[in-house]
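Asks: Quick one, final-v7.csv (CSV, C-alpha atoms and all ligand atoms):
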```
chain,number,residue,atom,x,y,z
A,1,MET,CA,0.0,0.0,0.0
A,2,PHE,CA,1.4,3.4,-1.0
A,3,VAL,CA,0.9,6.2,1.6
A,4,MET,CA,2.5,9.6,1.6
A,5,PHE,CA,4.2,10.9,4.7
A,6,GLU,CA,3.8,14.6,4.3
A,7,GLY,CA,6.3,17.1,5.7
A,8,LEU,CA,9.0,14.6,6.7
A,9,THR,CA,12.6,14.4,5.4
A,10,PRO,CA,13.6,11.4,3.3
A,11,GLU,CA,15.6,10.1,6.3
A,12,GLU,CA,12.5,10.3,8.5
A,13,VAL,CA,10.4,8.5,5.9
A,14,LYS,CA,13.1,5.8,5.6
A,15,ALA,CA,13.1,5.4,9.4
A,16,ILE,CA,9.3,5.1,9.5
A,17,GLU,CA,9.4,2.4,6.7
A,18,ALA,CA,12.1,0.5,8.6
A,19,GLU,CA,10.0,0.5,11.8
A,20,LEU,CA,6.9,-0.6,9.9
A,21,ALA,CA,8.8,-3.4,8.2
A,22,LYS,CA,9.4,-4.9,11.7
A,23,LEU,CA,5.7,-5.3,12.4
A,24,PRO,CA,3.8,-8.5,11.5
A,25,PRO,CA,2.7,-8.2,7.8
A,26,GLN,CA,-1.0,-8.2,8.8
A,27,GLN,CA,-0.5,-5.0,10.8
A,28,GLN,CA,1.7,-3.0,8.4
A,29,ASP,CA,-1.1,-1.5,6.2
A,30,SER,CA,-3.3,-0.3,9.1
A,31,ALA,CA,-0.2,1.0,11.1
A,32,ARG,CA,1.0,2.9,7.9
A,33,GLN,CA,-2.5,4.4,7.5
A,34,ARG,CA,-2.7,5.5,11.1
A,35,LEU,CA,0.8,7.0,11.0
A,36,ALA,CA,0.0,8.8,7.7
A,37,SER,CA,-3.0,10.4,9.3
A,38,MET,CA,-0.9,12.0,12.0
A,39,ARG,CA,0.5,15.5,11.7
A,40,PRO,CA,4.2,15.7,10.7
A,41,GLU,CA,5.2,17.2,14.0
A,42,GLU,CA,3.5,14.4,15.9
A,43,LEU,CA,5.3,11.8,13.8
A,44,LYS,CA,8.6,13.5,14.3
A,45,ALA,CA,8.1,13.7,18.0
A,46,MET,CA,7.0,10.0,18.2
A,47,PHE,CA,10.0,8.7,16.3
A,48,LYS,CA,12.4,10.8,18.4
A,49,LYS,CA,10.8,9.5,21.6
A,50,VAL,CA,10.3,5.9,20.7
A,51,GLY,CA,13.8,5.1,19.4
A,52,PRO,CA,14.2,1.4,18.4
A,53,VAL,CA,10.8,-0.2,17.9
A,54,CYS,CA,9.4,-2.6,20.5
A,55,VAL,CA,6.2,-4.1,19.3
A,56,PHE,CA,4.9,-4.8,22.8
A,57,CYS,CA,5.8,-1.3,24.0
A,58,LYS,CA,3.7,0.0,21.0
A,59,ILE,CA,0.8,-2.2,22.0
A,60,ALA,CA,1.1,-1.0,25.6
A,61,ALA,CA,1.1,2.6,24.4
A,62,LYS,CA,-1.9,1.8,22.2
A,63,GLU,CA,0.1,2.9,19.2
A,64,ILE,CA,-0.7,-0.4,17.4
A,65,PRO,CA,-3.8,-2.5,17.9
A,66,ALA,CA,-4.0,-5.8,19.7
A,67,ARG,CA,-6.8,-8.0,20.9
A,68,MET,CA,-6.7,-6.9,24.5
A,69,ILE,CA,-7.8,-9.4,27.2
A,70,TYR,CA,-6.6,-7.8,30.5
A,71,GLU,CA,-4.9,-4.6,31.6
A,72,ASP,CA,-3.9,-3.0,34.9
A,73,ALA,CA,-1.3,-0.4,35.8
A,74,ASP,CA,1.6,-2.7,35.2
A,75,VAL,CA,0.4,-5.8,33.3
A,76,LEU,CA,-1.1,-6.3,29.9
A,77,ALA,CA,-2.5,-9.5,28.3
A,78,PHE,CA,-3.6,-9.8,24.7
A,79,LEU,CA,-4.2,-12.6,22.1
A,80,ASP,CA,-1.1,-13.8,20.2
A,81,ILE,CA,-1.3,-12.8,16.6
A,82,ASN,CA,0.0,-16.2,15.5
A,83,PRO,CA,-1.6,-18.5,18.0
A,84,ALA,CA,-0.4,-22.0,18.7
A,85,ASN,CA,-4.1,-22.8,19.6
A,86,ILE,CA,-7.3,-20.9,20.0
A,87,GLY,CA,-7.1,-18.7,23.1
A,88,HIS,CA,-3.3,-18.4,23.0
A,89,ILE,CA,-2.6,-15.4,25.3
A,90,LEU,CA,0.5,-13.3,25.8
A,91,VAL,CA,1.1,-11.7,29.2
A,92,THR,CA,3.7,-8.9,29.5
A,93,PRO,CA,4.7,-6.1,31.8
A,94,LYS,CA,3.9,-2.7,30.4
A,95,ARG,CA,7.4,-1.5,31.3
A,96,HIS,CA,10.0,-2.4,28.6
A,97,THR,CA,12.3,-5.0,29.9
A,98,GLU,CA,13.9,-7.8,28.0
A,99,PHE,CA,14.3,-10.8,30.2
A,100,PHE,CA,12.3,-12.5,33.0
A,101,THR,CA,15.2,-11.8,35.4
A,102,ASP,CA,14.9,-8.0,34.8
A,103,LEU,CA,11.4,-7.9,36.2
A,104,ARG,CA,10.8,-6.0,39.4
A,105,ASP,CA,9.5,-8.3,42.2
A,106,GLU,CA,6.2,-6.4,42.3
A,107,GLU,CA,5.8,-6.8,38.5
A,108,ALA,CA,6.6,-10.5,38.7
A,109,LYS,CA,4.0,-11.0,41.4
A,110,LYS,CA,1.4,-9.1,39.5
A,111,ILE,CA,2.1,-11.0,36.3
A,112,ILE,CA,1.9,-14.4,38.0
A,113,VAL,CA,-1.3,-13.6,39.8
A,114,ALA,CA,-2.9,-12.3,36.6
A,115,MET,CA,-1.8,-15.4,34.7
A,116,LYS,CA,-3.5,-17.6,37.2
A,117,ASN,CA,-6.8,-15.9,36.5
A,118,LEU,CA,-6.2,-15.7,32.8
A,119,ALA,CA,-5.2,-19.4,32.4
A,120,ASN,CA,-8.2,-20.5,34.5
A,121,THR,CA,-10.6,-18.4,32.4
A,122,VAL,CA,-9.3,-19.2,29.0
A,123,VAL,CA,-9.2,-22.9,29.7
A,124,LYS,CA,-12.9,-22.8,30.6
A,125,VAL,CA,-13.8,-20.5,27.7
A,126,VAL,CA,-12.1,-22.6,25.0
A,127,GLY,CA,-12.8,-26.0,26.6
A,128,ALA,CA,-9.1,-26.9,26.8
A,129,GLU,CA,-7.9,-30.1,28.4
A,130,GLY,CA,-4.8,-28.4,29.8
A,131,PHE,CA,-2.4,-25.6,29.1
A,132,ASN,CA,1.2,-24.7,28.8
A,133,ILE,CA,2.9,-21.6,30.2
A,134,LEU,CA,6.0,-20.8,28.2
A,135,GLN,CA,8.5,-18.0,28.7
A,136,SER,CA,11.7,-17.6,26.6
A,137,ASN,CA,14.8,-15.5,27.4
A,138,GLY,CA,17.3,-14.7,24.6
A,139,LYS,CA,17.4,-15.6,21.0
A,140,ILE,CA,19.1,-19.0,21.8
A,141,ALA,CA,16.0,-19.9,23.8
A,142,GLY,CA,13.6,-18.9,21.0
A,143,GLN,CA,12.7,-15.4,22.2
A,144,GLU,CA,11.6,-13.4,19.1
A,145,VAL,CA,10.2,-10.3,20.8
A,146,PRO,CA,12.8,-8.8,23.2
A,147,HIS,CA,10.2,-7.6,25.7
A,148,VAL,CA,9.5,-10.2,28.5
A,149,HIS,CA,6.3,-12.1,27.9
A,150,PHE,CA,4.6,-15.3,29.0
A,151,HIS,CA,2.6,-17.5,26.6
A,152,ILE,CA,-0.5,-19.2,27.9
A,153,ILE,CA,-1.3,-21.9,25.4
A,154,PRO,CA,-4.5,-23.9,25.9
A,155,ARG,CA,-4.0,-27.6,24.9
A,156,PHE,CA,-6.2,-30.1,23.3
A,157,SER,CA,-5.6,-33.8,22.5
A,158,GLY,CA,-4.4,-34.2,19.0
A,159,ASP,CA,-3.4,-30.5,18.6
A,160,GLY,CA,0.0,-31.6,17.2
A,161,HIS,CA,2.2,-29.6,19.6
A,162,SER,CA,5.0,-31.1,21.6
A,163,PHE,CA,7.2,-29.3,24.0
A,164,ALA,CA,9.3,-32.4,24.8
A,165,TRP,CA,13.1,-32.1,25.0
A,166,SER,CA,15.9,-34.7,24.7
A,167,HIS,CA,17.5,-35.8,28.0
A,168,LYS,CA,21.2,-35.2,28.8
A,169,LYS,CA,23.1,-37.5,31.1
A,170,PHE,CA,25.1,-36.2,34.1
A,171,SER,CA,27.0,-38.1,36.8
A,172,ASP,CA,26.0,-37.9,40.5
A,173,GLU,CA,29.0,-35.7,41.1
A,174,GLU,CA,27.9,-33.3,38.4
A,175,PHE,CA,24.4,-33.1,39.8
A,176,ALA,CA,25.7,-32.5,43.3
A,177,LYS,CA,28.1,-29.9,42.1
A,178,ILE,CA,25.6,-27.9,40.2
A,179,GLN,CA,23.1,-28.2,43.1
A,180,ALA,CA,25.7,-26.8,45.5
A,181,GLU,CA,26.8,-24.0,43.2
A,182,ILE,CA,23.3,-22.8,42.5
A,183,VAL,CA,22.3,-22.9,46.2
A,184,LYS,CA,25.5,-21.1,47.1
A,185,ASN,CA,24.8,-18.3,44.6
A,186,LEU,CA,21.2,-17.7,45.4
A,187,THR,CA,20.8,-14.1,46.5
A,188,SER,CA,17.4,-14.3,48.2
A,189,GLY,CA,14.6,-16.6,49.2
A,190,LYS,CA,14.8,-19.7,51.4
A,191,LYS,CA,17.9,-21.8,50.4
A,192,SER,CA,17.7,-25.5,50.5
A,193,ALA,CA,21.3,-26.2,51.4
A,194,PRO,CA,22.8,-29.6,50.8
A,195,LYS,CA,23.8,-31.3,54.1
A,196,ALA,CA,27.1,-30.0,55.7
A,197,LYS,CA,29.0,-33.3,55.3
A,198,LYS,CA,27.9,-33.6,51.7
A,199,LYS,CA,29.0,-30.0,51.1
A,200,ARG,CA,32.6,-30.7,52.4
A,201,GLU,CA,32.7,-33.7,50.0
A,202,LEU,CA,31.5,-31.5,47.2
A,203,GLU,CA,34.3,-29.1,47.7
A,204,LYS,CA,36.8,-31.8,46.9
A,205,ILE,CA,35.3,-32.3,43.5
A,206,LYS,CA,37.3,-30.7,40.8
A,207,PRO,CA,35.0,-28.3,38.9
A,208,ARG,CA,34.2,-29.4,35.4
A,209,ILE,CA,31.7,-27.4,33.4
A,210,PRO,CA,29.3,-30.0,31.9
A,211,LYS,CA,28.7,-29.5,28.2
A,212,TYR,CA,24.9,-28.7,27.8
A,301,LIG,P1,8.5,-15.4,21.5
A,301,LIG,O1,9.0,-16.3,20.4
A,301,LIG,O2,8.4,-16.1,22.8
A,301,LIG,O3,9.3,-14.1,21.6
A,301,LIG,O4,7.0,-15.0,21.1
A,301,LIG,C1,6.6,-13.8,20.5
A,301,LIG,C2,5.2,-13.9,20.2
A,301,LIG,O5,4.7,-12.6,19.9
A,301,LIG,C3,4.9,-14.8,18.9
A,301,LIG,O6,4.1,-15.9,19.3
A,301,LIG,C4,4.2,-13.8,18.0
A,301,LIG,O7,3.1,-14.4,17.3
A,301,LIG,C5,3.6,-12.8,19.0
A,301,LIG,N1,3.5,-11.4,18.4
A,301,LIG,C6,4.3,-10.7,17.7
A,301,LIG,N2,3.8,-9.5,17.4
A,301,LIG,C7,2.6,-9.5,17.9
A,301,LIG,C8,1.5,-8.5,17.8
A,301,LIG,N3,1.6,-7.4,17.2
A,301,LIG,N4,0.4,-8.8,18.5
A,301,LIG,C9,0.2,-10.0,19.1
A,301,LIG,N5,1.2,-11.0,19.1
A,301,LIG,C10,2.3,-10.7,18.5
```
Before anything else, please render the file you have as structure tokens.
Ligand code: AMP
Replies:
Amino acid sequence: MFVMFEGLTPEEVKAIEAELAKLPPQQQDSARQRLASMRPEELKAMFKKVGPVCVFCKIAAKEIPARMIYEDADVLAFLDINPANIGHILVTPKRHTEFFTDLRDEEAKKIIVAMKNLANTVVKVVGAEGFNILQSNGKIAGQEVPHVHFHIIPRFSGDGHSFAWSHKKFSDEEFAKIQAEIVKNLTSGKKSAPKAKKKRELEKIKPRIPKY
């Protein structure tokens, strides 16, 4: 679709087109039309302010549409545009942050509580037999949108999805070592420390990073 962006420099038009190209194809025409109906000064201000595009920040700012399901001061839930099954919901913090580990404790709590309600509701509404909650961090883990989000995916028998993984083998020593290292490095929460005697034995084990 050809749309004129009046009153902008060629660089600004190029920047807008580059941002639009990052949106899902189904949303590009309507987003382009909406942008073209804005005044040049509004567009200039928006592109200065927004910087690199984040599609979920744009949804949170109501700059692009989404099928909203739930919203409070910090949390947003909307339907995934490419659902794995009917009722596939994404739950995100409104604040831009890339990884689960960047969430503030209060945000994390609010998201988890909202997800309980959302999962409970969507499972009933679509008549699912179960559901998965998936959350990916980093490209290596399959994260496409770098704004932390949880997937709630209703499941049905015969839906063809599988989230199974292959199993890796580790020795008892490797299990014990990694258990001790993780427990030692926990920064908060109730630690479940390995027994003292076991811990002394563990210290004798030469560290070897297992190949995952
Ligand atoms: P992930 O691979 O965990 O980063 O998942 C990103 C998800 O965001 C995918 O399932 C996409 O279908 C979904 N998605 C991307 N853009 C939009 C959008 N504008 N509205 C709704 N869902 C989106």
Asks: In Å, rounded to a single decimal, give me how far CA of Lys22 (chain A) is from CA of Thr97 (chain A).
Replies: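 Between CA of Thr97 (chain A) and CA of Lys22 (chain A) the gap works out to 18.4 Å.
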Asks: Using only C-alpha atoms, find the one residue out of A:Ile16, A:Val55, A:Leu23, A:Ala73 that sits nearest to Pro40 (chain A).
Replies: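 Of all the options, A:Ile16 lies closest to Pro40 (chain A).
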Asks: Ligand LIG 301 (chain A): which residues are within 9 Å, counting only C-alpha atoms and all ligand atoms? Reply as a count of residues only.
Replies: 39
Asks: With all atoms listed in the file as the atoms that count, which of A:Ile86, A:Ala60, A:Leu35, A:Ala15 lies nearest to Val126 (chain A)?
Replies: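 For Val126 (chain A), the nearest of the given residues is A:Ile86.
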Asks: Find the residues near Ala119 (chain A): any atom within 8 Å, counting all atoms listed in the file, skip ones fewer than 6 places away on the same chain, and give them as an MDAnalysis selection string.
Replies: chainID A and resid 131 152 154
Asks: By how many Å are CA of Val53 (chain A) and CA of His96 (chain A) apart?
Replies: 11.0 Å
Asks: Could you pull out every residue with an atom within 12 Å of (8.4, -8.6, 36.3), file coordinates, counting all atoms listed in the file, and send them as a PyMOL selection string?
Replies: chain A and resi 74-76+91-114+147-150
Asks: Would you put the residues from that selection into a file with C-alpha atoms, as an mmCIF file, keeping the file's coordinate frame?
Replies:
```cif
data_model
loop_
_atom_site.group_PDB
_atom_site.id
_atom_site.type_symbol
_atom_site.label_atom_id
_atom_site.label_comp_id
_atom_site.auth_asym_id
_atom_site.auth_seq_id
_atom_site.Cartn_x
_atom_site.Cartn_y
_atom_site.Cartn_z
ATOM 1 C CA ASP A 74 1.600 -2.700 35.200
ATOM 2 C CA VAL A 75 0.400 -5.800 33.300
ATOM 3 C CA LEU A 76 -1.100 -6.300 29.900
ATOM 4 C CA VAL A 91 1.100 -11.700 29.200
ATOM 5 C CA THR A 92 3.700 -8.900 29.500
ATOM 6 C CA PRO A 93 4.700 -6.100 31.800
ATOM 7 C CA LYS A 94 3.900 -2.700 30.400
ATOM 8 C CA ARG A 95 7.400 -1.500 31.300
ATOM 9 C CA HIS A 96 10.000 -2.400 28.600
ATOM 10 C CA THR A 97 12.300 -5.000 29.900
ATOM 11 C CA GLU A 98 13.900 -7.800 28.000
ATOM 12 C CA PHE A 99 14.300 -10.800 30.200
ATOM 13 C CA PHE A 100 12.300 -12.500 33.000
ATOM 14 C CA THR A 101 15.200 -11.800 35.400
ATOM 15 C CA ASP A 102 14.900 -8.000 34.800
ATOM 16 C CA LEU A 103 11.400 -7.900 36.200
ATOM 17 C CA ARG A 104 10.800 -6.000 39.400
ATOM 18 C CA ASP A 105 9.500 -8.300 42.200
ATOM 19 C CA GLU A 106 6.200 -6.400 42.300
ATOM 20 C CA GLU A 107 5.800 -6.800 38.500
ATOM 21 C CA ALA A 108 6.600 -10.500 38.700
ATOM 22 C CA LYS A 109 4.000 -11.000 41.400
ATOM 23 C CA LYS A 110 1.400 -9.100 39.500
ATOM 24 C CA ILE A 111 2.100 -11.000 36.300
ATOM 25 C CA ILE A 112 1.900 -14.400 38.000
ATOM 26 C CA VAL A 113 -1.300 -13.600 39.800
ATOM 27 C CA ALA A 114 -2.900 -12.300 36.600
ATOM 28 C CA HIS A 147 10.200 -7.600 25.700
ATOM 29 C CA VAL A 148 9.500 -10.200 28.500
ATOM 30 C CA HIS A 149 6.300 -12.100 27.900
ATOM 31 C CA PHE A 150 4.600 -15.300 29.000
#
```
Asks: Using all atoms listed in the file, pick whichever of A:Ser30, A:Asn85, A:Asn120, A:Asn132 has the shortest atom-to-atom distance to Asp159 (chain A).
Replies: A:Asn85
